[in-house]
Each structure stands twice: as C-alpha cells, then as structure tokens.
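Below is the file start_6.csv, which contains CSV, N, CA and C atoms and all ligand atoms.
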chain,number,residue,atom,x,y,z
A,1,MET,N,31.4,87.0,-21.1
A,1,MET,CA,31.6,86.4,-19.8
A,1,MET,C,30.4,86.7,-18.9
A,2,ASP,N,29.8,85.7,-18.4
A,2,ASP,CA,28.6,85.9,-17.6
A,2,ASP,C,28.7,85.6,-16.1
A,3,ALA,N,29.9,85.1,-15.7
A,3,ALA,CA,30.1,84.7,-14.3
A,3,ALA,C,30.2,86.0,-13.5
A,4,CYS,N,29.9,86.0,-12.2
A,4,CYS,CA,30.1,87.1,-11.4
A,4,CYS,C,31.5,87.2,-10.9
A,5,GLU,N,31.8,88.3,-10.1
A,5,GLU,CA,33.2,88.5,-9.7
A,5,GLU,C,33.7,87.3,-8.8
A,6,HIS,N,32.8,86.7,-8.1
A,6,HIS,CA,33.1,85.6,-7.2
A,6,HIS,C,33.4,84.3,-7.9
A,7,LEU,N,32.7,84.1,-9.0
A,7,LEU,CA,32.9,82.9,-9.8
A,7,LEU,C,33.9,83.0,-10.9
A,8,LYS,N,34.4,84.2,-11.1
A,8,LYS,CA,35.3,84.5,-12.2
A,8,LYS,C,36.5,83.7,-12.3
A,9,SER,N,37.2,83.5,-11.2
A,9,SER,CA,38.5,82.7,-11.3
A,9,SER,C,38.2,81.3,-11.6
A,10,ILE,N,37.1,80.7,-11.0
A,10,ILE,CA,36.8,79.3,-11.3
A,10,ILE,C,36.4,79.2,-12.8
A,11,PHE,N,35.6,80.1,-13.2
A,11,PHE,CA,35.2,80.1,-14.6
A,11,PHE,C,36.4,80.1,-15.6
A,12,ASN,N,37.3,81.0,-15.3
A,12,ASN,CA,38.5,81.1,-16.1
A,12,ASN,C,39.4,79.8,-16.0
A,13,SER,N,39.4,79.2,-14.9
A,13,SER,CA,40.2,78.0,-14.7
A,13,SER,C,39.5,76.9,-15.6
A,14,VAL,N,38.2,76.8,-15.6
A,14,VAL,CA,37.5,75.9,-16.4
A,14,VAL,C,37.8,76.1,-17.9
A,15,ILE,N,37.7,77.3,-18.3
A,15,ILE,CA,38.0,77.6,-19.7
A,15,ILE,C,39.5,77.2,-20.1
A,16,GLU,N,40.4,77.5,-19.1
A,16,GLU,CA,41.8,77.2,-19.4
A,16,GLU,C,42.0,75.7,-19.4
A,17,SER,N,41.2,74.9,-18.7
A,17,SER,CA,41.3,73.5,-18.7
A,17,SER,C,40.9,72.9,-20.0
A,18,GLY,N,40.3,73.7,-20.9
A,18,GLY,CA,39.9,73.2,-22.2
A,18,GLY,C,38.4,73.0,-22.5
A,19,ILE,N,37.6,73.3,-21.5
A,19,ILE,CA,36.2,73.2,-21.6
A,19,ILE,C,35.7,74.6,-22.0
A,20,SER,N,35.1,74.7,-23.2
A,20,SER,CA,34.7,76.0,-23.7
A,20,SER,C,33.2,76.1,-24.1
A,21,ASN,N,32.6,74.9,-24.0
A,21,ASN,CA,31.3,74.7,-24.5
A,21,ASN,C,30.3,74.9,-23.4
A,22,PHE,N,29.5,76.0,-23.4
A,22,PHE,CA,28.6,76.2,-22.3
A,22,PHE,C,27.4,77.0,-22.8
A,23,HIS,N,26.3,77.0,-22.1
A,23,HIS,CA,25.2,77.9,-22.4
A,23,HIS,C,24.7,78.4,-21.1
A,24,THR,N,24.0,79.5,-21.1
A,24,THR,CA,23.4,80.1,-19.9
A,24,THR,C,21.9,80.0,-20.0
A,25,SER,N,21.3,79.8,-18.9
A,25,SER,CA,19.8,79.8,-18.8
A,25,SER,C,19.4,80.6,-17.6
A,26,ALA,N,18.2,81.2,-17.7
A,26,ALA,CA,17.7,82.0,-16.7
A,26,ALA,C,16.3,81.5,-16.3
A,27,GLY,N,15.7,82.2,-15.3
A,27,GLY,CA,14.4,81.9,-14.9
A,27,GLY,C,14.2,80.7,-14.0
A,28,TRP,N,15.3,80.4,-13.2
A,28,TRP,CA,15.3,79.3,-12.2
A,28,TRP,C,14.6,79.8,-11.0
A,29,SER,N,14.0,78.9,-10.2
A,29,SER,CA,13.3,79.4,-9.0
A,29,SER,C,14.2,80.1,-8.0
A,30,LYS,N,15.4,79.6,-7.7
A,30,LYS,CA,16.2,80.2,-6.7
A,30,LYS,C,17.4,80.9,-7.2
A,31,LEU,N,17.6,80.8,-8.5
A,31,LEU,CA,18.8,81.4,-9.1
A,31,LEU,C,18.4,82.4,-10.3
A,32,ASP,N,19.2,83.4,-10.5
A,32,ASP,CA,19.0,84.3,-11.6
A,32,ASP,C,19.5,83.7,-12.9
A,33,LYS,N,20.6,82.9,-12.8
A,33,LYS,CA,21.3,82.4,-14.0
A,33,LYS,C,22.1,81.2,-13.7
A,34,VAL,N,22.0,80.3,-14.6
A,34,VAL,CA,22.9,79.1,-14.5
A,34,VAL,C,23.7,79.0,-15.8
A,35,ILE,N,25.0,78.9,-15.5
A,35,ILE,CA,26.0,78.7,-16.6
A,35,ILE,C,26.3,77.2,-16.7
A,36,GLU,N,25.8,76.6,-17.7
A,36,GLU,CA,25.9,75.1,-17.8
A,36,GLU,C,26.9,74.7,-18.8
A,37,PHE,N,27.9,74.0,-18.3
A,37,PHE,CA,29.0,73.5,-19.2
A,37,PHE,C,28.6,72.1,-19.7
A,38,ASN,N,29.0,71.7,-20.9
A,38,ASN,CA,28.6,70.5,-21.5
A,38,ASN,C,29.5,69.3,-21.2
A,39,GLU,N,30.7,69.6,-20.6
A,39,GLU,CA,31.7,68.5,-20.4
A,39,GLU,C,32.0,68.5,-18.9
A,40,PRO,N,32.3,67.3,-18.4
A,40,PRO,CA,32.7,67.2,-17.0
A,40,PRO,C,34.1,67.8,-16.8
A,41,VAL,N,34.3,68.3,-15.6
A,41,VAL,CA,35.6,69.0,-15.3
A,41,VAL,C,36.6,67.9,-14.8
A,42,ASN,N,37.9,68.2,-14.9
A,42,ASN,CA,38.9,67.3,-14.4
A,42,ASN,C,39.0,67.3,-12.9
A,43,ALA,N,39.9,66.4,-12.4
A,43,ALA,CA,40.0,66.2,-10.9
A,43,ALA,C,40.4,67.5,-10.2
A,44,GLN,N,41.3,68.2,-10.9
A,44,GLN,CA,41.9,69.4,-10.3
A,44,GLN,C,40.8,70.5,-10.1
A,45,ILE,N,40.0,70.6,-11.2
A,45,ILE,CA,38.9,71.6,-11.1
A,45,ILE,C,37.8,71.2,-10.1
A,46,THR,N,37.6,69.9,-10.0
A,46,THR,CA,36.6,69.3,-9.1
A,46,THR,C,37.1,69.7,-7.7
A,47,ASP,N,38.4,69.5,-7.4
A,47,ASP,CA,38.9,69.9,-6.1
A,47,ASP,C,38.7,71.4,-5.8
A,48,MET,N,38.8,72.2,-6.8
A,48,MET,CA,38.6,73.6,-6.7
A,48,MET,C,37.2,73.9,-6.4
A,49,LEU,N,36.3,73.2,-7.0
A,49,LEU,CA,34.8,73.5,-6.8
A,49,LEU,C,34.5,73.1,-5.4
A,50,LYS,N,35.1,72.0,-4.9
A,50,LYS,CA,34.7,71.5,-3.5
A,50,LYS,C,35.3,72.3,-2.4
A,51,SER,N,36.3,73.2,-2.7
A,51,SER,CA,37.0,73.9,-1.7
A,51,SER,C,36.6,75.4,-1.7
A,52,VAL,N,35.6,75.8,-2.4
A,52,VAL,CA,35.2,77.2,-2.4
A,52,VAL,C,34.8,77.7,-1.1
A,53,GLU,N,34.9,79.0,-0.9
A,53,GLU,CA,34.4,79.7,0.3
A,53,GLU,C,33.3,80.6,0.1
A,54,LEU,N,32.5,80.9,1.1
A,54,LEU,CA,31.3,81.8,1.0
A,54,LEU,C,31.7,83.1,0.3
A,55,PRO,N,30.8,83.7,-0.5
A,55,PRO,CA,29.4,83.3,-0.7
A,55,PRO,C,29.2,82.1,-1.7
A,56,LEU,N,30.3,81.5,-2.1
A,56,LEU,CA,30.2,80.4,-3.0
A,56,LEU,C,30.0,79.1,-2.2
A,57,LYS,N,29.2,78.2,-2.9
A,57,LYS,CA,29.0,76.9,-2.2
A,57,LYS,C,28.9,75.8,-3.2
A,58,TYR,N,29.6,74.7,-2.9
A,58,TYR,CA,29.6,73.5,-3.8
A,58,TYR,C,28.2,72.8,-3.7
A,59,TYR,N,27.7,72.3,-4.8
A,59,TYR,CA,26.5,71.4,-4.7
A,59,TYR,C,26.6,70.2,-5.6
A,60,SER,N,25.9,69.2,-5.3
A,60,SER,CA,25.8,68.0,-6.1
A,60,SER,C,24.4,67.4,-6.1
A,61,TYR,N,23.9,67.2,-7.3
A,61,TYR,CA,22.5,66.6,-7.4
A,61,TYR,C,22.6,65.2,-8.1
A,62,GLN,N,21.8,64.3,-7.5
A,62,GLN,CA,21.7,63.0,-8.1
A,62,GLN,C,21.1,62.9,-9.5
A,63,GLY,N,20.3,63.8,-9.8
A,63,GLY,CA,19.5,63.7,-11.0
A,63,GLY,C,18.2,63.0,-10.9
A,64,SER,N,17.4,63.0,-11.9
A,64,SER,CA,16.1,62.3,-11.8
A,64,SER,C,15.8,61.8,-13.3
A,65,PRO,N,14.7,61.2,-13.5
A,65,PRO,CA,14.4,60.7,-14.9
A,65,PRO,C,14.4,61.9,-15.9
A,66,HIS,N,14.2,63.1,-15.4
A,66,HIS,CA,14.1,64.2,-16.3
A,66,HIS,C,15.3,65.1,-16.2
A,67,ASN,N,16.2,64.9,-15.2
A,67,ASN,CA,17.4,65.8,-15.1
A,67,ASN,C,18.6,64.9,-14.9
A,68,LYS,N,19.6,65.2,-15.7
A,68,LYS,CA,20.9,64.5,-15.5
A,68,LYS,C,21.5,64.9,-14.2
A,69,PRO,N,22.3,64.0,-13.6
A,69,PRO,CA,23.1,64.4,-12.4
A,69,PRO,C,24.1,65.5,-12.7
A,70,ASP,N,24.2,66.4,-11.9
A,70,ASP,CA,25.2,67.5,-12.1
A,70,ASP,C,25.7,68.0,-10.8
A,71,HIS,N,26.8,68.7,-10.9
A,71,HIS,CA,27.4,69.3,-9.7
A,71,HIS,C,28.0,70.6,-10.1
A,72,GLY,N,28.4,71.4,-9.2
A,72,GLY,CA,29.0,72.7,-9.5
A,72,GLY,C,29.0,73.6,-8.3
A,73,VAL,N,29.1,74.9,-8.6
A,73,VAL,CA,29.2,75.9,-7.5
A,73,VAL,C,28.2,77.0,-7.7
A,74,VAL,N,27.5,77.4,-6.6
A,74,VAL,CA,26.5,78.4,-6.7
A,74,VAL,C,27.1,79.6,-5.9
A,75,CYS,N,26.8,80.8,-6.5
A,75,CYS,CA,27.1,82.1,-5.7
A,75,CYS,C,25.8,82.5,-5.1
A,76,ASN,N,25.8,82.4,-3.7
A,76,ASN,CA,24.5,82.8,-3.0
A,76,ASN,C,24.3,84.3,-3.0
A,77,GLN,N,25.3,85.0,-3.2
A,77,GLN,CA,25.2,86.5,-3.2
A,77,GLN,C,24.6,87.0,-4.5
A,78,CYS,N,25.1,86.4,-5.7
A,78,CYS,CA,24.7,86.9,-7.0
A,78,CYS,C,23.6,86.0,-7.6
A,79,LYS,N,23.3,84.9,-7.0
A,79,LYS,CA,22.3,83.9,-7.5
A,79,LYS,C,22.7,83.4,-8.9
A,80,ILE,N,24.0,83.1,-9.0
A,80,ILE,CA,24.4,82.5,-10.3
A,80,ILE,C,25.1,81.2,-10.0
A,81,SER,N,25.0,80.2,-10.9
A,81,SER,CA,25.7,79.0,-10.6
A,81,SER,C,26.5,78.5,-11.9
A,82,LEU,N,27.6,77.8,-11.6
A,82,LEU,CA,28.3,77.1,-12.7
A,82,LEU,C,27.9,75.6,-12.5
A,83,SER,N,27.5,75.0,-13.6
A,83,SER,CA,27.0,73.6,-13.5
A,83,SER,C,27.8,72.7,-14.5
A,84,PHE,N,28.1,71.5,-14.0
A,84,PHE,CA,28.9,70.6,-14.8
A,84,PHE,C,28.2,69.2,-14.8
A,85,PRO,N,28.3,68.4,-15.8
A,85,PRO,CA,27.8,67.0,-15.7
A,85,PRO,C,28.6,66.2,-14.7
A,86,SER,N,27.9,65.4,-14.0
A,86,SER,CA,28.6,64.5,-13.0
A,86,SER,C,29.1,63.3,-13.8
A,87,THR,N,30.3,62.8,-13.4
A,87,THR,CA,30.8,61.6,-14.1
A,87,THR,C,30.4,60.4,-13.4
B,1,ZN,ZN,28.9,86.3,-7.0
I need this file expressed as structure tokens, please.
Ligand SMILES: [Zn+2]
Amino acid sequence: MDACEHLKSIFNSVIESGISNFHTSAGWSKLDKVIEFNEPVNAQITDMLKSVELPLKYYSYQGSPHNKPDHGVVCNQCKISLSFPST
C-alpha cells in the first residue's frame, strides 16, 4: 500500500469497488509519486473524489496527443496522487 494517510480511505474504497489493477510511478515534476489505476471509477467513487477536503484536492486533465485524459485526487501535503482514466 503506497497511499499516504490522507489518501488511504479513498484508496481502500477504490480497491473495495473492485479496481485492483494499478501501478506507481515516481519522478514527476510536482509530485513524489503517482498511483495510477487502469480502470475508471464508478459514480460513487467519483463523487468521493470530487468532495475531498484539504490537503487533498480533486483534479481533472483533458489529456493531449501524448497523454490520456485522467482525473483523480492529489495530496498536496505528501505530494502523492491517485489517478484514474476519465470516461
Ligand atoms: Zn497525504
């Protein structure tokens, strides 16, 4: 388990929703670590992501020719994010 204490409950909810396939990557410019899930989250988890409180923050990226669109939650305190493919 690589999520920080702030992201832990969300991480566990994602795993409980049936998404278990993820990998972590490091070396991002503004983050120490990204935990990237391979499947989109359901509506219930999406609501959870969008209603997080500081130091967590919801984000959403449009994507580019080189990057798929994604969304998720970043912990600004620990510089870790949970990332999901956008539907
Ligand atoms: Zn944290």
Exercise for the section: Using only C-alpha atoms and all ligand atoms, determine which residues fall within 8 Å of ligand ZN 1 (chain B), then list them as a PyMOL selection string. Expected result: chain A and resi 3-7+55-56+75-80
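When CA of Lys57 (chain A) is paired with CA of Gly72 (chain A), their separation reads 8.4 Å.
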Problem - Among the residues A:Ser86, A:Ser51, A:Ser9, A:Asn38, the one that comes closest to His23 (chain A) [using all atoms listed in the file] - result: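 Checking each of A:Ser86, A:Ser51, A:Ser9, A:Asn38 against His23 (chain A), counting all atoms listed in the file, the winner is A:Asn38.
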Practice task
Name the residues of chain A that fall into alpha helix (DSSP H) according to DSSP on the backbone, using the chain letters and numbers of this document, as a ChimeraX atom specification.
Solution key: /A:8-16,43-50
Identify, on the basis of only C-alpha atoms, every residue whose closest approach to Ile10 (chain A) does not exceed 9 Å; exclude the query and any residue fewer than 6 positions from it along the same chain; express the result as a PDB file with N, CA and C atoms, in the frame of the given file.
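Printed below is part-v4.pdb as written:
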ATOM      1  N   ILE A  45      40.000  70.600 -11.200  1.00  0.00           N
ATOM      2  CA  ILE A  45      38.900  71.600 -11.100  1.00  0.00           C
ATOM      3  C   ILE A  45      37.800  71.200 -10.100  1.00  0.00           C
ATOM      4  N   MET A  48      38.800  72.200  -6.800  1.00  0.00           N
ATOM      5  CA  MET A  48      38.600  73.600  -6.700  1.00  0.00           C
ATOM      6  C   MET A  48      37.200  73.900  -6.400  1.00  0.00           C
ATOM      7  N   LEU A  49      36.300  73.200  -7.000  1.00  0.00           N
ATOM      8  CA  LEU A  49      34.800  73.500  -6.800  1.00  0.00           C
ATOM      9  C   LEU A  49      34.500  73.100  -5.400  1.00  0.00           C
ATOM     10  N   LEU A  82      27.600  77.800 -11.600  1.00  0.00           N
ATOM     11  CA  LEU A  82      28.300  77.100 -12.700  1.00  0.00           C
ATOM     12  C   LEU A  82      27.900  75.600 -12.500  1.00  0.00           C
TER      13      LEU A  82
END
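Coordinates place CA of Asn12 (chain A) at a distance of 23.0 Å from CA of Pro69 (chain A).
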Handout entry: Of the listed residues A:Asn42, A:Ser81, A:Asn67, A:Ser13, that which approaches Trp28 (chain A) most closely, counting only C-alpha atoms
Key =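 The answer is A:Ser81, which sits nearest to Trp28 (chain A).
Atom pair atom C of Val73 (chain A) / atom C of Tyr59 (chain A): separated by 7.3 Å.
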Problem - Contact residues around Asp70 (chain A) with all atoms listed in the file at 6.5 Å, ignoring same-chain residues under 4 positions, as a list in words - result: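 Everything that qualifies: Tyr59, Ser60, Tyr61, Gln62, Gly63, Ser83, Phe84, Pro85 and Ser86 of chain A.
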Exercise for the section: Considering only C-alpha atoms, state which residue in the set A:Ile35, A:Thr46, A:Lys30, A:Asp2 is at the smallest distance from Ser17 (chain A). Expected result: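 Using only C-alpha atoms, the shortest distance to Ser17 (chain A) belongs to A:Thr46.
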